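A.B. asks: What follows is input07.txt; its format and atoms are compact mmCIF, C-alpha atoms.
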```
# COMPACT_ATOMS: atom_id res chain seq x y z
CA MET A 1 -18.92 173.60 128.74
CA ASN A 2 -17.94 175.08 125.42
CA VAL A 3 -18.98 173.82 122.02
CA ILE A 4 -15.72 172.08 121.12
CA GLN A 5 -15.81 169.98 124.29
CA GLN A 6 -19.38 168.87 123.59
CA ALA A 7 -18.49 167.99 119.99
CA VAL A 8 -15.50 165.91 121.16
CA VAL A 9 -17.70 164.07 123.69
CA ALA A 10 -20.30 163.29 120.99
CA ALA A 11 -17.63 162.09 118.53
CA LEU A 12 -15.99 159.79 121.10
CA VAL A 13 -19.39 158.32 122.04
CA VAL A 14 -20.14 157.65 118.35
CA VAL A 15 -16.77 155.93 117.85
CA GLY A 16 -17.23 153.82 120.99
CA SER A 17 -20.74 152.74 120.01
CA PHE A 18 -19.46 151.75 116.55
CA PHE A 19 -16.73 149.55 118.05
CA LEU A 20 -19.21 147.92 120.44
CA LEU A 21 -21.51 147.24 117.46
CA VAL A 22 -18.67 145.63 115.49
CA GLY A 23 -17.63 143.47 118.45
CA THR A 24 -21.15 142.21 119.10
CA ILE A 25 -21.70 141.43 115.40
CA GLY A 26 -18.47 139.43 115.51
CA LEU A 27 -19.69 137.58 118.58
CA LEU A 28 -22.93 136.65 116.81
CA ARG A 29 -21.63 135.86 113.32
CA LEU A 30 -18.17 134.25 113.55
CA PRO A 31 -18.06 130.43 113.43
CA ASP A 32 -15.64 129.46 116.18
CA VAL A 33 -15.08 130.19 119.88
CA TYR A 34 -11.51 131.37 119.18
CA ASN A 35 -12.68 133.76 116.44
CA ARG A 36 -15.44 135.10 118.68
CA MET A 37 -13.02 135.62 121.57
CA HIS A 38 -10.62 137.49 119.26
CA ALA A 39 -13.35 139.77 117.89
CA THR A 40 -15.00 140.67 121.19
CA SER A 41 -11.86 141.12 123.28
CA LYS A 42 -10.43 143.70 120.87
CA ALA A 43 -13.47 145.58 119.66
CA THR A 44 -15.44 145.86 122.89
CA THR A 45 -12.31 146.91 124.80
CA LEU A 46 -11.67 149.72 122.31
CA GLY A 47 -15.33 150.76 122.39
CA ALA A 48 -15.59 150.92 126.17
CA ALA A 49 -12.22 152.73 126.34
CA SER A 50 -13.46 155.32 123.86
CA ILE A 51 -16.59 155.93 125.93
CA PHE A 52 -14.42 156.23 129.06
CA LEU A 53 -12.35 158.81 127.18
CA ALA A 54 -15.54 160.73 126.45
CA GLY A 55 -16.17 160.71 130.22
CA PHE A 56 -12.65 162.12 130.77
CA VAL A 57 -13.29 164.94 128.27
CA TYR A 58 -16.66 165.67 129.90
CA TYR A 59 -15.55 165.77 133.54
CA GLY A 60 -12.08 167.23 133.17
CA PRO A 61 -8.93 166.05 134.98
CA GLU A 62 -10.56 165.95 138.42
CA ASN A 63 -12.74 163.46 140.31
CA ALA A 64 -14.75 161.50 137.74
CA GLY A 65 -12.37 162.20 134.87
CA LEU A 66 -9.48 160.67 136.77
CA THR A 67 -11.67 157.64 137.52
CA SER A 68 -12.31 157.33 133.78
CA LEU A 69 -8.57 157.19 133.07
CA VAL A 70 -8.18 154.49 135.72
CA GLY A 71 -11.02 152.60 133.99
CA ILE A 72 -9.19 152.74 130.63
CA LEU A 73 -6.02 151.38 132.25
CA PHE A 74 -7.99 148.62 133.99
CA LEU A 75 -9.73 147.54 130.77
CA PHE A 76 -6.46 147.47 128.81
CA ILE A 77 -4.87 145.25 131.46
CA THR A 78 -7.74 142.86 132.20
CA ALA A 79 -9.40 142.24 128.83
CA PRO A 80 -6.44 140.38 127.22
CA THR A 81 -5.95 138.41 130.45
CA GLY A 82 -9.58 137.26 130.45
CA ALA A 83 -9.50 136.38 126.75
CA HIS A 84 -6.31 134.37 127.23
CA LEU A 85 -7.85 132.44 130.13
CA ILE A 86 -11.01 131.68 128.13
CA SER A 87 -9.08 130.41 125.10
CA ARG A 88 -6.78 128.37 127.34
CA SER A 89 -9.75 126.70 128.99
CA ALA A 90 -11.31 126.04 125.55
CA GLU A 91 -8.06 124.41 124.40
CA LYS A 92 -7.94 122.26 127.56
CA MET A 93 -11.55 121.17 126.96
CA GLY A 94 -10.52 120.01 123.47
CA ILE A 95 -12.75 122.28 121.40
CA PRO A 96 -11.59 122.01 117.76
CA PHE A 97 -10.97 124.76 115.25
CA PHE A 98 -13.50 125.57 112.56
CA GLY A 99 -12.50 123.92 109.27
CA ASP A 100 -9.42 121.89 108.36
CA GLN A 101 -6.98 124.67 107.48
CA VAL A 102 -5.89 125.63 111.02
CA THR A 103 -3.89 123.44 113.41
CA TRP A 104 -2.02 123.97 116.65
CA PRO A 105 1.66 124.94 116.25
CA GLY A 106 2.97 121.65 117.69
CA ASP A 107 1.24 119.64 114.96
CA ASN A 108 2.84 121.79 112.25
CA ASP A 109 6.33 121.23 113.67
CA GLU A 110 5.78 117.48 113.71
CA TYR A 111 4.63 117.60 110.11
CA ASP A 112 7.75 119.51 109.02
CA ALA A 113 10.07 117.10 110.84
CA SER A 114 8.50 114.05 109.18
CA ASN A 115 8.72 115.75 105.80
CA GLY A 116 12.42 116.58 106.24
CA ASP A 117 13.26 112.96 106.98
CA MET B 1 -19.94 169.51 138.56
CA ALA B 2 -20.34 169.84 134.84
CA SER B 3 -23.79 170.72 133.62
CA GLU B 4 -25.96 168.40 131.60
CA LEU B 5 -25.52 168.22 127.88
CA ALA B 6 -28.09 169.76 125.54
CA GLY B 7 -28.90 169.75 121.86
CA VAL B 8 -27.09 167.40 119.48
CA PRO B 9 -24.62 165.79 121.98
CA ALA B 10 -27.53 164.85 124.30
CA ALA B 11 -29.36 163.23 121.37
CA VAL B 12 -26.18 161.35 120.40
CA ILE B 13 -25.82 159.99 123.93
CA ASN B 14 -29.48 158.92 124.05
CA VAL B 15 -29.13 157.06 120.74
CA ALA B 16 -25.90 155.44 121.96
CA LEU B 17 -27.63 154.26 125.17
CA VAL B 18 -30.42 152.62 123.17
CA LEU B 19 -27.93 151.03 120.75
CA VAL B 20 -25.64 149.60 123.43
CA SER B 21 -28.62 148.23 125.39
CA ALA B 22 -29.88 146.49 122.25
CA LEU B 23 -26.39 145.04 121.67
CA THR B 24 -26.33 143.69 125.22
CA LEU B 25 -29.64 141.94 124.63
CA LEU B 26 -28.31 140.53 121.34
CA ALA B 27 -25.26 139.09 123.13
CA GLY B 28 -27.71 137.21 125.33
CA TYR B 29 -28.58 135.18 122.24
CA ARG B 30 -25.07 133.73 122.26
CA VAL B 31 -25.34 132.98 125.98
CA ILE B 32 -28.49 130.90 125.38
CA LYS B 33 -27.62 129.34 122.02
CA GLY B 34 -23.81 129.03 122.22
CA PRO B 35 -22.75 125.47 121.36
CA THR B 36 -19.98 125.15 123.97
CA VAL B 37 -19.34 126.51 127.45
CA PRO B 38 -16.48 128.88 126.44
CA ASP B 39 -18.87 130.49 123.95
CA ARG B 40 -21.13 131.36 126.83
CA VAL B 41 -18.21 132.70 128.87
CA VAL B 42 -17.14 134.93 125.96
CA ALA B 43 -20.71 136.22 125.60
CA LEU B 44 -20.95 136.97 129.33
CA ASP B 45 -17.63 138.83 129.16
CA THR B 46 -19.02 140.91 126.28
CA ILE B 47 -22.16 141.64 128.29
CA ALA B 48 -20.03 142.80 131.24
CA THR B 49 -18.06 145.20 129.01
CA ASN B 50 -21.28 146.54 127.48
CA VAL B 51 -22.76 147.17 130.93
CA VAL B 52 -19.63 149.15 131.84
CA ALA B 53 -20.18 151.28 128.73
CA ILE B 54 -23.86 151.72 129.66
CA ALA B 55 -22.89 153.00 133.12
CA VAL B 56 -20.48 155.57 131.67
CA LEU B 57 -23.09 156.70 129.13
CA PHE B 58 -25.60 157.12 131.96
CA ALA B 59 -23.07 159.23 133.85
CA LEU B 60 -22.72 161.42 130.75
CA GLN B 61 -26.48 161.66 130.24
CA ARG B 62 -27.32 162.68 133.81
CA GLY B 63 -24.17 164.70 134.47
CA ARG B 64 -23.36 162.68 137.60
CA GLY B 65 -19.78 161.57 138.10
CA LEU B 66 -20.73 158.94 140.66
CA PHE B 67 -21.72 156.48 137.96
CA VAL B 68 -18.19 156.41 136.53
CA THR B 69 -17.12 154.86 139.83
CA VAL B 70 -20.04 152.43 139.54
CA SER B 71 -18.79 151.40 136.08
CA LEU B 72 -15.29 150.77 137.47
CA VAL B 73 -16.72 148.45 140.16
CA LEU B 74 -18.75 146.64 137.48
CA ALA B 75 -15.57 146.17 135.41
CA ILE B 76 -13.79 144.60 138.40
CA ILE B 77 -16.73 142.26 139.05
CA GLY B 78 -16.82 141.21 135.37
CA PHE B 79 -13.11 140.42 135.29
CA ILE B 80 -13.24 138.35 138.49
CA SER B 81 -16.31 136.42 137.31
CA THR B 82 -14.66 135.66 133.95
CA ILE B 83 -11.56 134.30 135.69
CA ALA B 84 -13.64 132.27 138.16
CA VAL B 85 -15.86 130.67 135.50
CA SER B 86 -12.99 129.84 133.13
CA GLN B 87 -11.14 128.22 136.02
CA TYR B 88 -14.24 126.32 137.09
CA VAL B 89 -15.06 124.77 133.72
CA VAL B 90 -11.54 123.35 133.37
CA GLU B 91 -10.50 122.38 136.87
CA GLY B 92 -13.93 121.74 138.37
CA ASP B 93 -12.72 123.80 141.33
CA ILE B 94 -11.83 127.45 141.86
CA ILE B 95 -9.56 127.35 144.91
CA GLU B 96 -7.65 124.12 145.33
```
Transcribe the structure of this file into structure tokens.
C.D. replies:
Amino acid sequence: MNVIQQAVVAALVVVGSFFLLVGTIGLLRLPDVYNRMHATSKATTLGAASIFLAGFVYYGPENAGLTSLVGILFLFITAPTGAHLISRSAEKMGIPFFGDQVTWPGDNDEYDASNGD
Amino acid sequence: MASELAGVPAAVINVALVLVSALTLLAGYRVIKGPTVPDRVVALDTIATNVVAIAVLFALQRGRGLFVTVSLVLAIIGFISTIAVSQYVVEGDIIE
């Protein structure tokens, strides 16, 4: 391996670790299940995809590198699906939002209709 | 296959392995403490993604491409378990 390839691998690993760090801090610090789901589903997907990309740069476009590209595609398809299912189940269980400022869209429409009349 | 890394990139990958493992343990705090069940499901999903990243980092550290395939299988298992648990807590049943 030449020097440029090694430097690219190291940089992608650093970027991926940073995104995983941000996502886990969001999971620990944010106040609400919807906020936590939003933070982790974006940041950890980007972090793991960046580390997969480092694997593609390391192994080249053959066996394990091609598997890394398939892994990126799989993460980008499945992570939003899982986050949507989790938030849907939280909404069906009746878990409220944090604070009074946020409501579901249906409530806002009702409020506007009553105001117009 | 590609040779093992040496020098600064190897040190970067070692530090990243330690950091991601510590983050996985920290996400376990939300699994134990989390006030509601969806909080725990979100934390388990995060742990699954972190374990995928750990497997790829191990493949980079050892220079063995087999562990990239292992990480892909772990990603599939994490996705299926997330779907199954989020169906179970709402419906009380997975396959009707």
A.B. asks: Skipping near chain neighbours, those fewer than 4 positions away, what residues fall within 12 Å of A:Arg36 using all atoms listed in the file, listed as a ChimeraX atom specification?
C.D. replies: /A:22-32,40-44,83,86-87,97-98 /B:27,30,34,38-43,45-46
A.B. asks: Could you give me, as a tab-separated table, every chain A residue with an atom at most 6 Å from chain B, plus its closest atom pair and distance in Å to one decimal, counting all atoms listed in the file, rows ordered by chain then number?
C.D. replies:
```
residue	atom	partner	partner_atom	distance
A:Ala10	CA	B:Pro9	CA	5.1
A:Val33	CA	B:Asp39	CA	5.6
A:Ala48	CA	B:Ala53	CA	5.3
A:Ala64	CA	B:Gly65	CA	5.0
A:Gly71	CA	B:Leu72	CA	5.8
A:Ile86	CA	B:Ser86	CA	5.7
A:Ser89	CA	B:Val90	CA	5.8
A:Ala90	CA	B:Pro38	CA	6.0
```
A.B. asks: Rounded to one decimal place, report the atom CA of A:Thr103-atom CA of A:His84 distance in Å.
C.D. replies: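 Value for the atom CA of A:Thr103-atom CA of A:His84 distance: 17.8 Å.
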A.B. asks: Would you work out the distance separating atom CA of A:Val102 from atom CA of B:Val31, expressed in Å to one decimal?
C.D. replies: 25.6 Å
A.B. asks: Which residue out of A:Thr81, A:His38, A:Ser17, A:Gln6 has the minimum interatomic distance to B:Val18 when all atoms listed in the file are used?
C.D. replies: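 Of A:Thr81, A:His38, A:Ser17, A:Gln6, the one nearest B:Val18 is A:Ser17, counting all atoms listed in the file.
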A.B. asks: So the first atom is atom CA of A:Asn2 and the second is atom CA of A:Leu46; what is the distance between them in Å, to one decimal place?
C.D. replies: 26.3 Å
A.B. asks: Identify which of the residues B:Leu25, B:Ala48, B:Asn14, B:Ile32 lies closest to A:Gly82, counting all atoms listed in the file when measuring atom-to-atom distances.
C.D. replies: B:Ala48
